[in-house]
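Structure file target-v3.csv; described as CSV, C-alpha atoms.
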chain,number,residue,atom,x,y,z
A,111,MET,CA,-18.1,19.3,14.5
A,112,ALA,CA,-18.4,15.5,14.0
A,113,ALA,CA,-20.4,16.2,10.8
A,114,THR,CA,-17.5,18.3,9.4
A,115,ARG,CA,-15.0,15.5,10.2
A,116,TYR,CA,-17.3,12.9,8.6
A,117,ARG,CA,-17.6,15.0,5.4
A,118,ARG,CA,-13.9,15.5,5.3
A,119,PHE,CA,-13.3,11.7,5.5
A,120,LEU,CA,-15.9,11.0,2.9
A,121,LYS,CA,-14.3,13.5,0.5
A,122,LEU,CA,-10.9,11.8,1.2
A,123,CYS,CA,-12.5,8.4,0.4
A,124,GLU,CA,-13.8,9.7,-2.9
A,125,GLU,CA,-10.4,11.1,-3.9
A,126,TRP,CA,-8.4,8.0,-2.8
A,127,PRO,CA,-7.7,5.8,-5.8
A,128,ARG,CA,-8.7,2.1,-5.8
A,129,ASP,CA,-6.5,-0.5,-7.3
A,130,GLU,CA,-8.8,-3.2,-8.7
A,131,GLY,CA,-5.8,-5.5,-9.3
A,132,LYS,CA,-5.0,-5.9,-5.6
A,133,LYS,CA,-8.5,-7.1,-4.7
A,134,ALA,CA,-8.6,-7.6,-0.9
A,135,ARG,CA,-5.2,-5.8,-0.3
A,136,ASP,CA,-6.2,-2.4,-1.6
A,137,LEU,CA,-5.5,0.5,0.7
A,138,GLY,CA,-8.4,2.5,-0.7
A,139,THR,CA,-10.9,-0.2,0.0
A,140,PHE,CA,-9.5,-0.7,3.5
A,141,LEU,CA,-9.8,3.0,4.2
A,142,ARG,CA,-13.4,3.1,3.0
A,143,GLN,CA,-14.2,0.2,5.3
A,144,ARG,CA,-12.5,1.8,8.3
A,145,VAL,CA,-14.4,5.1,7.7
A,146,ALA,CA,-17.7,3.2,7.5
A,147,SER,CA,-17.0,1.4,10.8
A,148,ALA,CA,-15.7,4.5,12.6
A,149,PHE,CA,-18.7,6.7,11.5
A,150,ARG,CA,-21.5,4.1,11.9
A,151,GLU,CA,-24.0,6.8,12.6
A,152,GLY,CA,-22.8,9.1,9.9
A,153,GLU,CA,-22.8,12.8,10.8
A,154,ASN,CA,-24.3,12.0,14.2
A,155,THR,CA,-21.4,9.9,15.3
A,156,GLN,CA,-19.8,10.9,18.6
A,157,ILE,CA,-16.0,11.0,18.4
A,158,SER,CA,-14.2,10.0,21.6
A,159,ASP,CA,-10.8,11.6,20.6
A,160,PRO,CA,-11.3,14.5,18.2
A,161,GLU,CA,-7.6,15.4,18.2
A,162,LYS,CA,-6.6,11.8,17.2
A,163,CYS,CA,-9.3,11.8,14.5
A,164,ASP,CA,-8.0,15.1,13.0
A,165,GLN,CA,-4.4,13.9,13.2
A,166,MET,CA,-5.3,10.7,11.3
A,167,TYR,CA,-7.2,12.7,8.7
A,168,GLU,CA,-4.2,15.0,8.1
A,169,SER,CA,-1.8,12.1,7.8
A,170,LEU,CA,-4.0,10.3,5.2
A,171,ALA,CA,-4.5,13.6,3.3
A,172,ARG,CA,-0.7,14.1,3.1
A,173,ILE,CA,-0.3,10.6,1.7
A,174,ASN,CA,-3.1,11.0,-0.8
A,175,SER,CA,-1.7,14.3,-2.0
A,176,ASN,CA,1.8,12.8,-2.6
A,177,TYR,CA,3.3,15.3,0.0
A,178,TYR,CA,6.1,12.9,0.9
A,179,ARG,CA,6.9,12.0,-2.7
A,180,GLN,CA,7.3,15.6,-3.6
A,181,ARG,CA,9.2,16.4,-0.4
A,182,PHE,CA,11.6,13.5,-0.7
A,183,PRO,CA,12.1,12.8,-4.5
A,184,ARG,CA,13.7,9.6,-5.6
A,185,VAL,CA,16.7,9.5,-7.9
A,186,ARG,CA,15.4,6.4,-9.6
A,187,ASP,CA,12.0,4.6,-9.5
A,188,THR,CA,13.5,1.1,-8.9
A,189,SER,CA,14.1,-1.0,-5.8
A,190,PHE,CA,17.2,-2.9,-4.7
A,191,THR,CA,16.2,-5.7,-7.0
A,192,GLY,CA,16.3,-3.4,-10.1
A,193,VAL,CA,12.6,-4.1,-10.8
A,194,THR,CA,10.8,-1.1,-12.3
A,195,VAL,CA,7.6,0.4,-10.8
A,196,GLU,CA,5.5,-1.2,-13.5
A,197,GLU,CA,7.0,-4.6,-13.0
A,198,CYS,CA,6.6,-4.4,-9.3
A,199,LYS,CA,2.9,-3.5,-9.7
A,200,LEU,CA,2.5,-6.5,-12.0
A,201,LEU,CA,4.2,-8.8,-9.5
A,202,LEU,CA,2.1,-7.5,-6.6
A,203,SER,CA,-1.2,-7.6,-8.5
A,204,GLY,CA,-1.5,-11.4,-8.3
A,205,ASN,CA,-2.0,-11.6,-12.1
A,206,LEU,CA,1.2,-13.5,-12.8
A,207,HIS,CA,-0.3,-15.3,-15.8
A,208,GLN,CA,-0.2,-12.0,-17.7
A,209,MET,CA,3.6,-11.7,-17.5
A,210,ASP,CA,5.5,-12.4,-20.7
A,211,GLU,CA,8.4,-14.9,-20.9
A,212,GLU,CA,11.3,-12.6,-19.9
A,213,LYS,CA,9.4,-11.3,-16.9
A,214,LYS,CA,8.6,-14.8,-15.8
A,215,GLY,CA,12.3,-15.5,-15.7
A,216,LEU,CA,12.9,-12.5,-13.4
A,217,TRP,CA,9.9,-13.5,-11.2
A,218,LYS,CA,11.2,-17.1,-11.0
A,219,LYS,CA,14.6,-16.0,-9.9
A,220,LEU,CA,13.3,-13.6,-7.3
A,221,SER,CA,10.8,-16.0,-5.9
A,222,GLU,CA,13.4,-18.8,-5.7
A,223,ARG,CA,15.9,-16.5,-4.0
A,224,PHE,CA,13.5,-15.2,-1.3
A,225,SER,CA,11.2,-18.1,-0.7
A,226,LYS,CA,13.8,-20.7,0.3
A,227,SER,CA,13.6,-21.7,3.9
A,228,PRO,CA,16.7,-22.6,5.9
A,229,GLU,CA,15.8,-26.3,5.6
A,230,GLU,CA,15.8,-26.2,1.8
A,231,VAL,CA,19.3,-24.6,1.5
A,232,PRO,CA,21.9,-27.4,1.1
A,233,GLU,CA,24.4,-27.5,3.9
A,234,LYS,CA,28.1,-27.4,3.2
A,235,ALA,CA,30.1,-30.5,4.0
A,236,PRO,CA,32.2,-30.1,7.1
A,237,GLU,CA,35.8,-29.2,6.4
A,238,LYS,CA,38.6,-31.4,7.8
As a first step, turn the structure in this file into structure tokens.
Amino acid sequence: MAATRYRRFLKLCEEWPRDEGKKARDLGTFLRQRVASAFREGENTQISDPEKCDQMYESLARINSNYYRQRFPRVRDTSFTGVTVEECKLLLSGNLHQMDEEKKGLWKKLSERFSKSPEEVPEKAPEK
């Protein structure tokens, strides 16, 4: 039975897309590493908790098949910031030098707004 589970996870790893732009933060790469460490002996690996293993596989398979995206469709593909999916992917990719001038302005505004620590925010003068 462990061999079947191992093959199912391998098939899931093959289907799971990789995002080369994210480098060390890619979920597909992380999943492949976890499967490799969990099934060190390949098909001969002894699984301590088969139910948990099956549940994890089913959860990952639902994510990979866009089950939740189809079940809970979004009205718009933007966030609270108004940034589109493409702009968000570009911001998260780490390749900020590829952004054009108008996107740099948006990124600068967002980074300034969310990166200020409480010490950097000027205090108001006490009212008398």
(message) Calculated over only C-alpha atoms, which of the candidates A:Glu130, A:Asp159, A:Asp136, A:Glu168 has the smallest distance to Arg118 (chain A)?
(response) A:Glu168
(request) Choose the residue, out of A:Tyr178, A:Phe190, A:Phe224, A:Tyr116, that has the smallest atom-to-atom separation from Ile157 (chain A); count only C-alpha atoms. (result)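 Of A:Tyr178, A:Phe190, A:Phe224, A:Tyr116, the one nearest Ile157 (chain A), counting only C-alpha atoms, is A:Tyr116.
Remark: for Leu200 (chain A), the closest of the candidate residues A:Thr139, A:Trp217, A:Gly152, A:Arg179 is A:Trp217 (distances computed over all atoms listed in the file).
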(request) Tell me, as a list in words, which residues lie within 9 Å of region 120-129 of chain A, counting all atoms listed in the file; anything in the same chain fewer than 3 positions away does not count. (result)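 The neighbour list is Arg115, Tyr116, Arg117, Lys132, Lys133, Arg135, Asp136, Leu137, Gly138, Thr139, Leu141, Arg142, Val145, Tyr167, Leu170, Ala171, Asn174 and Ser203 of chain A.
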Filtering to C-alpha atoms, could you give me those residues as a PDB file, in the frame of the given file?
ATOM      1  CA  ARG A 115     -15.000  15.500  10.200  1.00  0.00           C
ATOM      2  CA  TYR A 116     -17.300  12.900   8.600  1.00  0.00           C
ATOM      3  CA  ARG A 117     -17.600  15.000   5.400  1.00  0.00           C
ATOM      4  CA  LYS A 132      -5.000  -5.900  -5.600  1.00  0.00           C
ATOM      5  CA  LYS A 133      -8.500  -7.100  -4.700  1.00  0.00           C
ATOM      6  CA  ARG A 135      -5.200  -5.800  -0.300  1.00  0.00           C
ATOM      7  CA  ASP A 136      -6.200  -2.400  -1.600  1.00  0.00           C
ATOM      8  CA  LEU A 137      -5.500   0.500   0.700  1.00  0.00           C
ATOM      9  CA  GLY A 138      -8.400   2.500  -0.700  1.00  0.00           C
ATOM     10  CA  THR A 139     -10.900  -0.200   0.000  1.00  0.00           C
ATOM     11  CA  LEU A 141      -9.800   3.000   4.200  1.00  0.00           C
ATOM     12  CA  ARG A 142     -13.400   3.100   3.000  1.00  0.00           C
ATOM     13  CA  VAL A 145     -14.400   5.100   7.700  1.00  0.00           C
ATOM     14  CA  TYR A 167      -7.200  12.700   8.700  1.00  0.00           C
ATOM     15  CA  LEU A 170      -4.000  10.300   5.200  1.00  0.00           C
ATOM     16  CA  ALA A 171      -4.500  13.600   3.300  1.00  0.00           C
ATOM     17  CA  ASN A 174      -3.100  11.000  -0.800  1.00  0.00           C
ATOM     18  CA  SER A 203      -1.200  -7.600  -8.500  1.00  0.00           C
TER      19      SER A 203
END
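Residue nearest Met166 (chain A) within the list A:Ala134, A:Gly192, A:Phe119, A:Arg186: A:Phe119 [criterion: smallest interatomic distance, only C-alpha atoms].
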(request) Identify which of the residues A:Met111, A:Leu201, A:Thr191, A:Ser175 lies closest to Cys163 (chain A), counting all atoms listed in the file when measuring atom-to-atom distances. (result)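 The shortest atom-to-atom distance to Cys163 (chain A) comes from A:Met111.
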(request) Would you mind reading off the distance between CA of Val193 (chain A) and CA of Gly215 (chain A), one decimal, in Å? (result)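 CA of Val193 (chain A) sits 12.4 Å away from CA of Gly215 (chain A).
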(request) One decimal, Å: what's the distance from CA of Glu161 (chain A) over to CA of Arg181 (chain A), could you say? (result) 25.1 Å
(request) May I ask for the distance between CA of Ser221 (chain A) and CA of Leu202 (chain A), given in Å to one decimal place? (result)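 Computing it gives 12.2 Å between the two atoms.
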